Each structure stands twice: as structure tokens, then as C-alpha cells.
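A.B. asks: Have a look at the structure that comes next, please.
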Amino acid sequence: MTSETLLTLIFAYFALASVVFAVLVIMLRNPVQCALSLVGVVFHLAGIFILLRAEFLAAAHIIIYAGAIIVLFLFTMMLLNIGAVERVRQFHVQAPLAIVIGAILFLEFIVLTGATITIGAQGPHSPAWVAGQGGNVQALGQVLFRDYLLPFEVASVLLTAAVVGAIVLARQRPRRPRSSSEMGVSEWMAERYEKANVRSSNRPNSAEEIGD
Amino acid sequence: MIIPALEYYLVLGAALFIIGLLGVLVRRNLLIVFMSIELILLGANVTFVGFAVALDNMLGQAFVIFSLTVAAAEAAVGLAIIVALSRHRDTLNVDEINTLKG
Amino acid sequence: MADVAWLIPLLPFVAFAINGVFGRKYLKKHTGLVANAGVLGALVVSVALFITQLDHAEPQSVTLWTWAVSGDFALDIALRVDALTLVMLLVVTSVSFMVHVYSIGYMDHDPGFWRFFTYLPLFVFAMIMLVMANNLLVLFVFWEAVGLCSYLLIGFWFDRQSASAAAVKAFLTNRIGDVGFLIGLLLAWYVFGTLDYDEIFVQAPAVAAVTPGMLTIICLLLFVGAMGKSAQFPLHVWLPDAMEGPTPVSALIHAATMVTAGVYMVARFNPLYVLSANAMAVVAIVGAFTALFAATIGLAQNDIKRVLAYSTVSQLGLMFMALGVGAFTAAIFHLATHAFFKGLLFLGSGSVIHGTNEEQDMQRMGGLFGKMPVTGSTYIIGGLALSGIIPLAGFWSKDELLGATLLAGGMGYLLYALGALASFLTAIYTFRMIILTFFGKTRMETERFSHVHESPRVMTIPLIVLAVGAAIAGFVGVPPEHGLIHDYLHDTFLAAELAGLVHKPSTAFVLGVMAVSTLIALVGILIAYSVFMRKSPAPETVAGRAGPLHTLLVNKYFLDDFYDTVLAGGTRGVGWLFAWFDLNIVDGIVNLIGLVVSEVGGGLRRMQTGRLENYAFSVVLGTALVLAFYIIMVR
Amino acid sequence: MTELVIAVIFKSIIAFAVPLLVVPPLIWGERRLLGRIQSRLGPNRVGPFGAFQTLADAVKLLGKEDMIPAGADRALFILAPFLLLVPSFMAWSVVPVGTELHIFGRVIGLYATDLNVGVLYIVALTSVAVYGIVMAGWASNSKYALLGSLRSSAQMISYEIMLGIALVGVVVLAGSLSLPEIVRQQQVPFAIPLIIGAFVFVCAALAETNRAPFDLPEAETELVSGYHVEYSGWRFSFFFLSEYANMLLASFLVSAVFLGGGWPAQFLEPYIGHLFTTLLAVGIMMSKVFLFLFIYFWIRATLPRFRYDQMMNFCWKVLLPLGLLNLAVATVLKLTIYA
């Protein structure tokens with residue numbers, strides 16, 4: 001068994017697994033399970049990236065997708081307690097039609113991929129060059145922080161904007177009366193006394209007396 | 001050289017892309033629609049890296065970093081919208097979210 | 001040293017930015033200090049720059065950055081530093097600083113305090129940039145910017161109907177001039193292919209040789225802009241109404257700085273103007289006519305600020321007259337001295353208004369001198385300077401300006417006559433104003449009169465400083481024709497000398513003109529004294545004796561009414577015609593089309609489900625179709 | 001090729017076995033030490049000095065009834081402990097015990113693999129561990145477990161960032177993401193120039209492993225315990241096992257990344273030869289690891305538990321600024337001394 005066949009087999013495994021997980025993402029009923037399937041996709045794609053000698057991107061994908069984005073999804077589901085609510089009908093009426101169109105589109109992609117791709121000129125970053133830089137990470141760093149420094153910095157602006165936007169969007173909650181857990185103990189006690197019409201002279205004076 | 005040939009990676013990317021697209025089209029749960037969008041981005045990433053390696057050009061890999069940034073930003077804002085929406089409407093069903101006015 | 005020139009506009013701008021951002025919530029009363037600091041900084045840098053450039057004020061330009069590049073046309077934001085700019089900078093920054101100090105006292109109780117001190121540094125910034133511009137387009141941008149500040153500040157008390165109306169009027173009138181300016185600018189670009197001053201000046205003689213008419217048109221169109229900005233007949237109507245703004249604004253913008261922008265512009269483009277005798281003649285005639293015309297109106301006004309406003313129009317007319325006969329130095333000299341004494345008079349009138357609790361009608365004042373000695377004495381100094389009494393500032397500059405018209409010969413004699421008559425009237429209305437305000441028996445109610453008080457120090461000190469300036473500023477032009485300012489500006493206006501427009505007068509001639517001027521002023525003052533002080537007639541008597549003339553003057557020659565009835569009314573009539581056409585014919589067609597579209601749309605509406613997935617589906621379908629087309633047809 | 005495969009398999013077995021074998025004695029050692037510090041005996045019944053106590057506990061846990069709550073998501077409930085355990089074992093594949101050993105004409109790396117993104121690999125696996133916690137809490141169909149898991153995963157995610165920031169400083173100075181390379185780069189242990197980073201790292205590691213004073217999931221009395229409240233028997237022991245495996249891992253990482261691994265043994269190489277130097281280095285490394293384990297136990301014995309808000313404030317308001325400061329220091333050093 002040559003190493004080429006071995007690598008092809010490994011690719012086949014990762015590719016198949018990621019496609020299967022991807023199908024699970026859109027097929028499973030329970031969103032939590034969907035999110036976990038997405039994690040499976042990301043992991044197997046990381047394997048694909050390692051196969052392509054893009055180790056940094058493999059790790060970055062796991063850190064960002066698995067470590068941040070999908071966790072965020074899970075958090076949202078748990079905060080909203082979605083899992084139990086949406087048990088009615090999961091698929092849209094247009095599903096059969098959409099699947100047909102999707103299949104046609106996929107076939108078109110394959111036709112285009114198989115026959116018409118004209119490979120452009122080879123770029124400057126040959127494997128020898130990458131090795132000369134000290135590996136994938138260093139090579140990527142060279143490209144990212146030399147040639148594409150400005151876009152990289154602009155991307156950080158995008159992230160900042162997204163953070164601010166997310167906070168602004170998620171904060172605007174309808175006004176509700178505060179629940180007791182959000183108050184300090186003494187404040188809460190004062191309210192209780194108020195309700196019970198206890199005269200102020202009969203109330204304990206300080207937080208120590210209440211035991212706050 | 002790239003093993004197996006570039007076409008395999010492109011087909012994989014296309015497959016993920018189409019699956020994500022179908023997810024957007026057929027699912028009624030907004031959260032899963034969002035996950036499908038992540039799938040689309042992942043498919044694009046595979047294509048990027050495949051081309052980057054096949055063409056010996058690091059730009060493809062650098063671009064994936066930006067794609068990741070976009071994915072993270074999109075997830076943050078999108079989920080914030082979902083949270084605000086579900087507080088407001090008590091549903092995540094896409095079919096019921098069909099007015100522009102809150 | 002010119003390297004620090006960018007600090008001069010920057011400092012007021014920083015003050016504006018700070019006040020604009022933090023003024024309302026955080027700085028409040030401290031905005032005054034911030035604005036003062038910014039303008040003081042600009043003043044200090046200007047003075048420093050002036051001192052270092054005292055001997056050799058060669059034109060320099062500091063390019064800040066390139067604004068726009070289009071083909072081979074590049075637009076630099078550059079600051080120009082030369083003699084003319086420095087003189088203007090000194091005038092602008094020093095008067096601005098005085099007005100800023102004064103305003104702290106004047107605006108003290110105003111709820112819009114922070115707003116005032118946001119607009120004011122913005123104006124100073126724009127004015128400085130206007131003066132320092134090295135490019136016609138930059139000049140135009142800040143030409144508009146000062147107009148904007150003027151608009152904002154005239155309408156500062158925007159809750160008053162009259163103030164916002166006056167602001168709109170000022171803005172619209174200016175726009176008429178600015179259209180001319182803009183067309184002139186575009187023509188200049190068309191002719192010269194550049195907007196850079198120096199390049200235009202270099203090319204001007206060649207252009208004049210080939211197409212003199214074009215040059216004249218450009219000069220005249222630019223002058224139309226100057227007429228708007230500097231309130232020359234017939235575009236002067238906005239300036240008197242602009243007195244609705246706070247008095248410091250009137251002093252700064254509508255007397256000392258912004259309205260002189262037109263004079264500055266024409267002086268700046270002297271190499272262009274000297275090449276077109278026709279344009280020069282128009283400038284001179286419009287200036288002289290405006291000078292006399294405004295002075296006559298000034299005779300009959302009762303509002304203390306309006307008198308000053310017409311006086312300003314009149315004095316600006318004198319400056320244009322000087323520009324028109326090629327006496328650029330004299331015009332700039334008069335501009336500088338005028339900035340001091342007119343600023344002083346305005347601030348003084350503000351002090352009077354402040355001290356009398358918002359009284360502006362001179363017929364209801366009188367006898368205020370005892371109550372407000374500082375204001376009164378500085379006001380008299382300003383009035384004497386305005387009337388042209390030796391040795392105050394106004395005398396030297398006005399005298400030189402009148403002398404220059406005489407020297408020009410030909411039409412110059414007529415101009416001199418108009419100018420001298422305007423000076424004579426100036427002396428009369430100035431002292432009419434001073435006497436009605438400060439002397440004689442008071443015409444105020446006893447109750448109110450007892451409350452009249454001198455203004456606080458923060459207001460009187462600028463008055464004193466400006467009074468000193470009004471008294472001694474003229475000495476930079478002494479001896480006549482060979483003073484400091486003449487040497488300093490000599491190179492800038494070299495073109496006029498080369499064109500043979502500058503004549504060397506004999507000493508006897510100079511002394512003669514001086515004597516006549518002094519005589520005219522003294523006679524004017526005496527007449528004012530005898531009519532208004534000695535006899536102290538009731539206003540009705542004067543009005544009755546003057547008869548229809550008085551009616552004409554009080555109504556400002558009915559010019560506003562003419563504009564309103566003929567121009568505005570005519571426009572309305574045409575507008576009504578168009579409205580009818582629009583409502584019945586155009587709208588009819590539109591409605592028909594709309595009806596068809598809405599019926600068709602009603603059918604198509606069913607496709608708009610409002611569901612995202614349907615839309616996404618159509619996008620995907622479209623993509624699939626396009627790709628299929630590509631695969632089948634193209635490949 | 002065959003040799004390589006054998007070496008990989010052999011090393012993998014070691015990397016898998018070490019945590020499994022070390023954890024039981026570790027638990028026993030901790031309990032004895034806690035007893036000492038708190039003036040009591042600790043386990044002393046089973047075997048000499050109670051040494052087999054942990055084994056007895058393990059047998060007890062394995063013998064208990066395997067309970068899955070009603071209404072729980074069975075698949076995820078079963079999967080969750082593995083999701084927690086597997087990453088912590090996977091991380092061992094890049095942990096270096098030492099650098100290289102030249103013996104019998106071969107070069108044997110004292111690590112399972114030298115990944116050129118080793119540090120990222122560890123950070124990635126740490127971030128994956130969150131899933132175990134989230135799943136455990138969610139699958140239990142219990143609001144206490146769910147709240148506990150939200151709490152814990154927020155804690156994990158927050159402190160993970162601090163872990164990463166502290167490591168970035170080291171990466172900047174070492175100029176590499178490979179752990180053996182980082183060990184090799186340390187002429188002076190990075191803990192000396194990057195003392196702030198070391199502090200941040202140790203605090204974050206404590207929180208990541210859910211150890212005292214950040215052990216909120218174990219706060220039965222105040223918080224009704226954490227995400228694993230519904231787990232019992234051998235499933236529960238998995239959480240326990242992963243905690244100790246992570247602790248061991250953290251100790252190895254601190255020793256390798258901040259304390260220079262076998263430092264200063266490498267300076268003795270000209271005098272005592274390669275073999276002894278390497279062995280000495282491994283010994284020094286291990287003693288550093290045990291020093292850190294001791295510190296872990298010591299902190300647990302002495303410090304009271306943080307309240308949840310205090311813990312989060314500590315993370316974002318103390319550790320984050322410190323971590324950024326550390327990064328600034330590292331950058332300055334990289335441009336000056338380490339240039």
C-alpha cells in the first residue's frame with residue numbers, strides 16, 4: 001500500500017464523514033443534536049485541512065468553530081430552552097422542490113469542476129518556500145502580516161462591530177419588574193416590609209441586623 | 001502536489017455548500033438555518049484551502065482567516081438577533097417571521 | 001516657520017470639535033474658555049509667523065495633503081502664507097479674539113452659551129482657511145463654510161421668527177452671489193486648467209492677450225460672489241437683517257471679517273483684475289454707488305445696529321471703489337482699520353444694548369454717557385475713527401483711498417465725489433447715532449434709565465483694546481504711500497504697479513486731500529451736532545421736514561419690497577403656472593402609469609410571501625438556471 | 001516505516017497509560033496531604049497508609065447502579081463524559097517529558113509527537129472540553145444540571161481565553177508553536193521574564209480544571225452541585241478522572257512552557273554526557289510537575305471558594321488586563337533582549 005493510496009483512503013474517510021455529519025445537521029430534529037453534528041463536520045474538516053498541510057487552519061477551525069461559534073449556538077439554545085418547544089413541523093413545504101434544485105445545482109458544480117477548471121499560474125508559495133519559512137504557521141504569518149496586514153486589521157474592526165452589535169441587540173429586553181434575586185437583601189426586605197405594612201420604627205435598622 | 005487531486009476537494013466543498021444551501025431552504029428552525037449558513041462557509045473554506053495548496057498560493061489560506069472572522073461575526077450578531085427575536089415573538093419558526101415590523 | 005502655519009486653522013477647529021462634542025453635557029460654561037484658548041492660540045501663532053516673516057514675506061505654500069486627483073488635475077489642500085494672508089490673519093485672529101473675550105460677558109446668561117462658543121470657533125476656522133487657501137476651490141469651500149457659520153449665528157436665537165427669517169434671507173442672498181462665484185470658478189478652471197492661484201496668475205497675461213473678454217467675464221462673475229458676501233448693491237439687503245444675530249456676531253462676522261472676504265478675494269486676484277479694465281470699472285462703480293447709497297439709508301435708521309450695518313455696507317463700498325481704481329493696498333489698509341473701529345462700534349453698541357436691557361432703538365435712549373463712561377468714550381473714539389478724524393485709524397486709510405481715486409483721473413473724479421459725499425454722510429449719521437445714544441436728555445422711562453449700568457470688565461476690556469487699536473492702527477500707513485503696510489504689501493500688489501495703476505502723488509496733493517477730508521468730516525459732525533444736539537428736535541420734526549425723502553430712506557429705497565413683489569411674486573406666479581401644469585398634466589400621466597403598474601403589481605404581489613425561504617429558493621433557482629445556461633450554451 | 005509505526009504506537013500507549021496510572025495514586029496523595037494540612041489523618045484503612053483507598057472507591061463506583069434520569073437525552077447523556085475525557089487524553093500526545101534522547105544511534109523524542117501547532121492543538125482541545133460540560137448539563141433534563149452547565153461552560157470559555165493569552169506571550173518569545181521547541185528555546189525559564197503570564201496561566205489552569213478555588217460544580221451546599229449532578233456510578237467517575245488528568249496535564253504544561261522543562265540540566269551536558277543529562281532533565285521535569293501538583297493541593301486546602309460573580313470579575317477585570325500586559329511585556333522583550 002503506497003502512501004498515496006493511504007492518503008486517499010484517509011481523505012475518503014474524512015470527506016465522507018463530514019458529508020454525513022453535514023446531512024445530519026440539516027436532517028436531525030433536535031437542534032442540540034444538529035449542533036453536535038456540526039462539531040463533527042468541523043472536526044473532520046480539520047482532518048482534511050491537516051491532509052492539505054494547513055495545520056494552522058485546522059487548529060483555528062476547531063478553536064473558532066467548535067470552541068466559540070457552536071458553543072454560542074448551544075448557549076443560545078439553552079438560554080431560550082428551544083429544544084422542547086419546536087416539535088411541530090421541522091421542514092418547509094418547499095422541501096422536495098428545493099432538494100431537486102439542490103441536486104441539479106450540485107450536478108452542475110460537478111460538471112463544471114470536472115471539465116472546465118483551468119488552473120491558473122502557480123503562486124510563489126511552493127512547499128519548498130513554506131518549508132523555508134519554518135512551516136505552515138510561519139508561512140501563513142508571513143503572508144498575513146506582511147501582505148495582508150491592513151485587511152487583517154480591518155477584520156478586527158469587523159469583529160469589534162459585531163461584538164458591539166450583538167450586545168446592543170441582546171440587551172434590549174422588555175421592561176419587567178425586577179425579581180427578588182436581582183435585588184440586594186436589604187432592599188428586598190424593605191420591599192417586603194412595605195408590603196406587610198410594618199411601621200418603620202419596628203424594622204431592623206441596618207443590613208447587619210438583617211444579616212446581609 | 002496535492003493528494004488526492006484538487007477536484008476531490010472541490011467536490012467536497014460543493015457538497016458541503018449544497019447541503020448548507022438545502023438546510024437554509026428546507027428547515028423552519030432559525031437556529032438550524034444559521035448552522036446551515038456555517039456549513040456553506042465551511043464548504044467555501046475547503047475550496048479556498050484546496051486551491052491555495054494546488055496553486056501554491058498562501059492567499060487562499062489567508063482568506064480562510066477572514067472567512068472565519070466573518071463566520072464569528074455573523075454568529076455573534078445572528079444569535080443576538082435570534083435572542084431578541086425569541087424574546088419578542090416567542091418563536092424561532094422562519095415561516096412566522098414574515099413581517100418587517102416588530 | 002511657515003511649517004507651523006497649519007496650527008492657525010487647527011487650533012480654532014480643535015476648540016470647535018471639543019465644544020461641539022463635549023460642550024452640551026460636560027463643559028457648559030467652560031466652552032467659553034476653550035474657544036478663547038483656541039482663538040488665542042491662533043492669534044499667537046499668527047503674530048509669531050508675522051514677526052518671522054516681517055522682512056521677507058515671500059509667498060510660501062504648505063501642502064497638507066492632496067484632496068483629489070482626476071487625470072492630470074490634482075487638488076491640493078495647501079495653506080498659503082504671504083504678505084496679504086498674514087495681514088488678513090492678524091486682523092481676523094486679533095478681532096476674533098477680542099470678540100471671543102467680549103462674548104463671554106455678553107452671552108453669559110444665554111442658554112445657548114455652549115452652542116455659541118461652538119459656532120464661533122468654527123467660523124474662525126473657516127475664515128482662516130478662506131484667507132489661507134491657495135486654491136480657488138478651497139477658497140470656495142470655505143467661502144461657503146463662513147456663509148454657513150453666518151447662517152447659524154444669524155439664526156442663533158432660532159426661536160425668534162425674525163431671526164430665522166433673517167438667517168434664511170442671508171443664506172439665500174449669498175447663494176445668488178455664490179452661483180456667480182461658482183460659474184466663475186468653473187470658467188477659470190476651463191480657461192486655465194488649474195485652480196491654483198500662482199498658476200492662474202502666471203497664465204493670466206497670456207489668456208488676457210488671447211481672449212480678454214473671457215477674463216473680464218471671469219472677473220465679473222467672481223465679483224458677483226464678492227457682491228453677495230460683501231453686501232454690495234443690489235445684494236446688500238441681507239446684511240442689515242443679519243443684525244438679528246447676537247451683537248458679537250455682528251461685530252465679528254458682519255463687520256470685521258466675513259463681509260470683507262469679497263474685498264480680500266478681489267485683492268487676492270489683483271493680477272487677474274488689473275488685466276481687465278472693464279471689470280475694474282464695474283467694481284469701482286458698484287463700490288462707489290453702494291457707498292453713497294448705504295450712507296443715505298444710514299441717515300434715517302433708528303436701530304443702533306442697523307445704522308452700523310448700513311455704515312458697514314457703505315465702508316465696504318469704499319473699499320471696492322479703491323480696488324476698482326487699483327489702489328489695492330489702500331483697500332486692504334482700510335479693511336484692516338475698519339475691522340478695528342467697526343468691531344469696536346458694534347461691540348460698543350452691544351454693550352449699550354446689554355446695559356439698557358435689550359434696548360436697540362436710539363430714539364428711546366440718550367444721555368447714557370454718564371451711566372456708561374467706558375462704553376461711551378470708546379464708542380466716541382470709534383465714531384471719530386469712522387468719520388475720519390485725524391489722527392485716528394479711519395482717517396489715514398480713508399484718506400488714502402479717496403486720494404487714490406483722484407489720482408486715477410477720468411472717471412476717478414466722479415468716484416471721488418461720490419466717495420467724499422459718502423464720507424460726509426458718514427460723519428453725519430455717525431454723530432447722529434452717538435448724540436442720540438449718549439448725549440442730550442434721556443428719552444428713557446425713569447425706571448428703566450435707573451437700571452442702566454456699565455458692562456462688566458470682560459466686555460469693557462476688549463472695547464478698550466479695540467479703541468486703542470482704532471486709534472493707532474492707522475499709523476502702519478503713515479506716512480501715506482510709504483508706511484509699513486505699503487512696504488509690506490508692495491510685492492503682493494506688484495501687478496497693479498506694473499499695469500500703471502499706481503500713481504505717486506506729490507506731498508502737496510496728499511496734504512490737500514487730507515485737508516479736504518478733515519474739513520468734510522468736521523462739517524458733517526458740526527451739522528449732526530447742530531441738528532441733533534443743540535436743537536435736539538423730536539424725531540417727527542426731522543421726519544416731517546425731510547418729507548418723502550425720509551419715507552424713501554426709512555424704507556431703504558423700497559428695495560426689499562421691490563424684491564418681494566416683483567422678483568418673489570413673479571417667481572410665485574410662474575410657480576403657480578407650473579404647479580397647474582404639474583397637477584393636471586404631468587400628474588395625470590403619472591397617475592395613469594401608476595394605475596397600470598399597481599394593477600400589474602397586484603397580480604405579482606402574490607409572489608411576495610414575506611417568507612425568507614421562498615426568496616432564498618428563487619435565488620438558488622436563478623443560480624441553477626444561469627449555470628445551466630452557461631453549461632449548455634457557452635461551453 | 002515499520003519502526004516509526006512501532007514508535008508511534010508505543011508512545012501513544014505511554015501517553016494514554018500515564019494519566020490513567022498516575023491518577024489513582026494522585027487522588028490518594030491529595031487526600032493524605034489534605035489530611036495533613038487540616039490536622040487529620042486522611043484515608044488510612046485500605047492497604048498500607050490507605051494506599052488502596054482510591055481503588056476501593058473505584059470498585060465502589062463501578063459497582064453502583066447505572067442510572068439515567070427519566071426524560072434525559074440518552075445518547076447525549078452517555079456521550080457527555082467521553083466528550084470531556086477524550087480531549088484531555090488527546091492533549092497528552094503533544095506534551096513533552098523532555099526533548100530528545102540520542103541512544104543506540106537513534107533519536108527518540110520524549111513526546112508522542114512534535115506538532116508544529118502544538119500550543120494551538122492544546123488550546124483547541126481545551127475548547128472542545130466545553131462540549132462535555134454543556135452536553136452533560138443539557139442531557140440530564142434537570143434545571144440544576146442545566147444551570148450548572150451554563151455556569152461551568154461560561155467559566156471554561158472565559159478562562160480558556162486567559163489561558164490562550166498567557167500562552168501567546170510565550171509563543172511570541174519562543175517564536176514557535178511547537179512545545180519541544182518552546183522547551184528548547186528556554187535558556188532562562190520563561191517564568192522569569194513572563195512572571196505575569198505565568199501567574200495568569202496558573203490561575204486560568206486552576207479554573208479550567210475546575211479546581212479550588214474555582215470548583216463551583218462541586219459546591220453541593222450552595223449551588224446544588226454543577227453539571228454532573230445527575231451522574232452517578234462509573235459515569236461520574238469519568239468526570240473525576242478527567243479533572244485529575246487535566247490537572248496533571250496543566251502541571252506538565254506549566255513545567256514545560258514556563259519553567260523550561262528540564263532546565264537547567266542542559267548546561268551540564270558537556271560534563272556528564274548526553275544520556276545522564278537527558279535522564280536528569282526528565283527527573284527535574286517530573287519534580288517540577290510534582291511541585292505544581294503539590295501547589296494545586298495546597299491551594300485547595302487553604303483557599304475558600306469564589307462566588308460565581310467574583311470568579312467572572314476576577315477573570316475579566318484582573319486576568320485579562322494582566323494577560324494583555326504580559327503580552328505587551330513579551331512583545332517588548334522580543335524586540336529588545338530576545339531580538
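Just remember, in the C-alpha cells the first chain shown is A, the second B, etc., residues are 1-based per chain, and ligands are 1-based in the order shown.
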If you run DSSP on this backbone, which residues of segment 66-151 of chain D come out as helix (DSSP H, G or I), and could you give them as number ranges by chain?

C.D. replies: D: 74-94, 118-139, 143-151

A.B. asks: Using only C-alpha atoms, I'd like every residue of chain A that has an atom within 8 Å of chain D; please write them out as a count of residues only.

C.D. replies: 15

A.B. asks: Neighbours of Glu220 of chain D within 10 Å (only C-alpha atoms; same-chain residues fewer than 5 positions away dropped), as a compact mmCIF listing (two decimals) with N, CA, C and O atoms, in the first residue's frame?

C.D. replies:
```txt
# COMPACT_ATOMS: atom_id res chain seq x y z
N SER D 225 -24.57 21.58 43.51
CA SER D 225 -23.59 20.96 42.62
C SER D 225 -23.73 21.50 41.20
O SER D 225 -24.45 22.49 40.97
N GLY D 226 -22.99 20.90 40.26
CA GLY D 226 -22.92 21.51 38.92
C GLY D 226 -23.53 20.63 37.86
O GLY D 226 -24.54 19.97 38.06
N VAL D 229 -24.63 16.77 38.30
CA VAL D 229 -25.42 16.44 39.48
C VAL D 229 -26.24 15.16 39.25
O VAL D 229 -26.51 14.42 40.19
```

A.B. asks: Leaving out Val24 of chain B and any residue of its chain fewer than 6 positions from it, which residues lie within 12 Å of it when counting only C-alpha atoms, given as a PyMOL selection string?

C.D. replies: (chain A and resi 25-27+91-92+94-95+98-99+102) or (chain B and resi 17-18+30-40+94) or (chain C and resi 612-617+619-620)

A.B. asks: How would the residues just picked look written out with C-alpha atoms as a PDB file, in the first residue's frame?

C.D. replies:
```pdb
ATOM      1  CA  VAL A  25     -27.052  18.843  10.650  1.00  0.00           C
ATOM      2  CA  ILE A  26     -29.930  19.589   8.340  1.00  0.00           C
ATOM      3  CA  MET A  27     -31.882  16.397   8.985  1.00  0.00           C
ATOM      4  CA  PHE A  91     -39.384  21.047   7.261  1.00  0.00           C
ATOM      5  CA  HIS A  92     -40.663  23.629   4.895  1.00  0.00           C
ATOM      6  CA  GLN A  94     -40.933  23.616  -0.482  1.00  0.00           C
ATOM      7  CA  ALA A  95     -38.515  20.921   0.699  1.00  0.00           C
ATOM      8  CA  ALA A  98     -35.599  22.528  -3.024  1.00  0.00           C
ATOM      9  CA  ILE A  99     -33.906  19.160  -2.884  1.00  0.00           C
ATOM     10  CA  GLY A 102     -30.113  21.455  -4.972  1.00  0.00           C
TER      11      GLY A 102
ATOM     12  CA  PHE B  17     -22.128  24.111   0.152  1.00  0.00           C
ATOM     13  CA  ILE B  18     -25.177  22.451  -1.354  1.00  0.00           C
ATOM     14  CA  LEU B  30     -33.993  29.683  12.539  1.00  0.00           C
ATOM     15  CA  LEU B  31     -31.115  28.255  14.564  1.00  0.00           C
ATOM     16  CA  ILE B  32     -30.645  25.415  12.149  1.00  0.00           C
ATOM     17  CA  VAL B  33     -30.828  27.821   9.243  1.00  0.00           C
ATOM     18  CA  PHE B  34     -27.925  29.614  10.865  1.00  0.00           C
ATOM     19  CA  MET B  35     -25.998  26.395  11.268  1.00  0.00           C
ATOM     20  CA  SER B  36     -26.589  25.690   7.606  1.00  0.00           C
ATOM     21  CA  ILE B  37     -25.040  29.027   6.771  1.00  0.00           C
ATOM     22  CA  GLU B  38     -21.989  27.937   8.755  1.00  0.00           C
ATOM     23  CA  LEU B  39     -21.935  24.809   6.609  1.00  0.00           C
ATOM     24  CA  ILE B  40     -21.913  26.954   3.483  1.00  0.00           C
ATOM     25  CA  VAL B  94     -38.994  31.156   9.984  1.00  0.00           C
TER      26      VAL B  94
ATOM     27  CA  LEU C 612     -37.350  34.273   3.567  1.00  0.00           C
ATOM     28  CA  GLU C 613     -37.076  30.751   2.294  1.00  0.00           C
ATOM     29  CA  ASN C 614     -39.193  31.420  -0.750  1.00  0.00           C
ATOM     30  CA  TYR C 615     -36.909  34.264  -1.678  1.00  0.00           C
ATOM     31  CA  ALA C 616     -33.810  32.200  -0.990  1.00  0.00           C
ATOM     32  CA  PHE C 617     -35.295  29.485  -3.114  1.00  0.00           C
ATOM     33  CA  VAL C 619     -32.130  32.956  -5.676  1.00  0.00           C
ATOM     34  CA  VAL C 620     -30.939  29.355  -5.802  1.00  0.00           C
TER      35      VAL C 620
END
```

A.B. asks: Would you pick out the contacts of Met129 of chain C at 12 Å or less, using only C-alpha atoms, so that residues sharing its chain but fewer than 2 positions from it are not included, and give the list as an MDAnalysis selection string?

C.D. replies: chainID C and resid 5:13 42 77:81 85 88:89 92:93 122:127 131:146 258 261

A.B. asks: Could you make a table, as a tab-separated table, of the residues of chain C that have an atom within 7 Å of an atom of chain A, each with its nearest atom pair and distance in Å to one decimal, counting only C-alpha atoms, in chain and number order?

C.D. replies:
```
residue	atom	partner	partner_atom	distance
C:Phe617	CA	A:Ala98	CA	7.0
C:Leu621	CA	A:Ile101	CA	6.7
C:Ala624	CA	A:Leu105	CA	5.3
C:Leu627	CA	A:Glu108	CA	6.9
C:Ala628	CA	A:Glu108	CA	6.9
```

A.B. asks: Using C-alpha atoms, can you write the selected residues to a file as a PDB file, in the first residue's frame?

C.D. replies:
```pdb
ATOM      1  CA  PHE C 617     -35.295  29.485  -3.114  1.00  0.00           C
ATOM      2  CA  LEU C 621     -33.223  28.604  -8.714  1.00  0.00           C
ATOM      3  CA  ALA C 624     -29.050  26.973 -11.136  1.00  0.00           C
ATOM      4  CA  LEU C 627     -25.242  27.848 -14.546  1.00  0.00           C
ATOM      5  CA  ALA C 628     -27.328  25.562 -16.748  1.00  0.00           C
TER       6      ALA C 628
END
```

A.B. asks: Please report as a tab-separated table every residue of chain A lying within 6 Å of chain B, along with the nearest atom pair and their distance in Å (one decimal), using only C-alpha atoms.

C.D. replies:
```
residue	atom	partner	partner_atom	distance
A:Thr8	CA	B:Pro4	CA	5.7
A:Ile26	CA	B:Gly23	CA	5.1
A:Gln90	CA	B:Arg28	CA	5.5
A:Phe91	CA	B:Arg27	CA	4.9
A:His92	CA	B:Val26	CA	4.9
A:Ala95	CA	B:Val26	CA	4.9
A:Gln122	CA	B:Leu55	CA	4.8
A:Gly123	CA	B:Asn57	CA	4.5
A:His125	CA	B:Asp56	CA	4.8
A:Ser126	CA	B:Asp56	CA	4.8
A:Leu144	CA	B:Ala62	CA	6.0
A:Leu159	CA	B:Ala73	CA	5.6
A:Ala162	CA	B:Ala73	CA	5.1
A:Ala166	CA	B:Val77	CA	4.7
A:Leu169	CA	B:Ala80	CA	5.7
A:Ala170	CA	B:Ala80	CA	5.0
```

A.B. asks: Write a file of the just-selected residues containing N, CA and C atoms, as an mmCIF file, in the first residue's frame.

C.D. replies:
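Output file part.cif follows:
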```cif
data_model
loop_
_atom_site.group_PDB
_atom_site.id
_atom_site.type_symbol
_atom_site.label_atom_id
_atom_site.label_comp_id
_atom_site.auth_asym_id
_atom_site.auth_seq_id
_atom_site.Cartn_x
_atom_site.Cartn_y
_atom_site.Cartn_z
ATOM 1 N N THR A 8 -5.274 8.828 0.199
ATOM 2 C CA THR A 8 -6.582 8.897 -0.453
ATOM 3 C C THR A 8 -7.652 8.262 0.416
ATOM 4 N N ILE A 26 -28.675 19.051 8.868
ATOM 5 C CA ILE A 26 -29.930 19.589 8.340
ATOM 6 C C ILE A 26 -31.091 18.592 8.467
ATOM 7 N N GLN A 90 -40.793 20.374 11.141
ATOM 8 C CA GLN A 90 -39.425 20.851 11.017
ATOM 9 C C GLN A 90 -39.086 21.292 9.615
ATOM 10 N N PHE A 91 -39.816 20.787 8.634
ATOM 11 C CA PHE A 91 -39.384 21.047 7.261
ATOM 12 C C PHE A 91 -40.388 21.901 6.526
ATOM 13 N N HIS A 92 -39.887 22.696 5.668
ATOM 14 C CA HIS A 92 -40.663 23.629 4.895
ATOM 15 C C HIS A 92 -41.421 22.891 3.802
ATOM 16 N N ALA A 95 -39.680 21.801 0.561
ATOM 17 C CA ALA A 95 -38.515 20.921 0.699
ATOM 18 C C ALA A 95 -38.265 20.027 -0.520
ATOM 19 N N GLN A 122 0.923 29.009 -11.174
ATOM 20 C CA GLN A 122 1.346 28.603 -9.830
ATOM 21 C C GLN A 122 1.808 29.834 -9.066
ATOM 22 N N GLY A 123 1.413 29.919 -7.794
ATOM 23 C CA GLY A 123 1.778 31.058 -6.980
ATOM 24 C C GLY A 123 3.201 30.939 -6.456
ATOM 25 N N HIS A 125 4.151 30.528 -3.366
ATOM 26 C CA HIS A 125 4.347 29.862 -2.074
ATOM 27 C C HIS A 125 4.411 28.353 -2.248
ATOM 28 N N SER A 126 5.459 27.889 -2.885
ATOM 29 C CA SER A 126 5.627 26.452 -3.097
ATOM 30 C C SER A 126 5.925 25.755 -1.772
ATOM 31 N N LEU A 144 0.120 36.787 5.973
ATOM 32 C CA LEU A 144 -0.949 37.536 6.629
ATOM 33 C C LEU A 144 -0.459 38.868 7.166
ATOM 34 N N LEU A 159 -14.913 42.525 13.765
ATOM 35 C CA LEU A 159 -15.245 41.761 14.970
ATOM 36 C C LEU A 159 -15.745 42.673 16.073
ATOM 37 N N ALA A 162 -19.151 43.631 15.418
ATOM 38 C CA ALA A 162 -20.075 42.527 15.684
ATOM 39 C C ALA A 162 -20.331 42.389 17.177
ATOM 40 N N ALA A 166 -23.893 42.768 18.764
ATOM 41 C CA ALA A 166 -24.519 41.665 19.476
ATOM 42 C C ALA A 166 -24.993 42.112 20.853
ATOM 43 N N LEU A 169 -28.041 44.366 20.515
ATOM 44 C CA LEU A 169 -29.244 43.628 20.155
ATOM 45 C C LEU A 169 -29.772 42.798 21.307
ATOM 46 N N ALA A 170 -28.849 42.142 22.011
ATOM 47 C CA ALA A 170 -29.302 41.200 23.018
ATOM 48 C C ALA A 170 -29.729 41.890 24.299
#
```
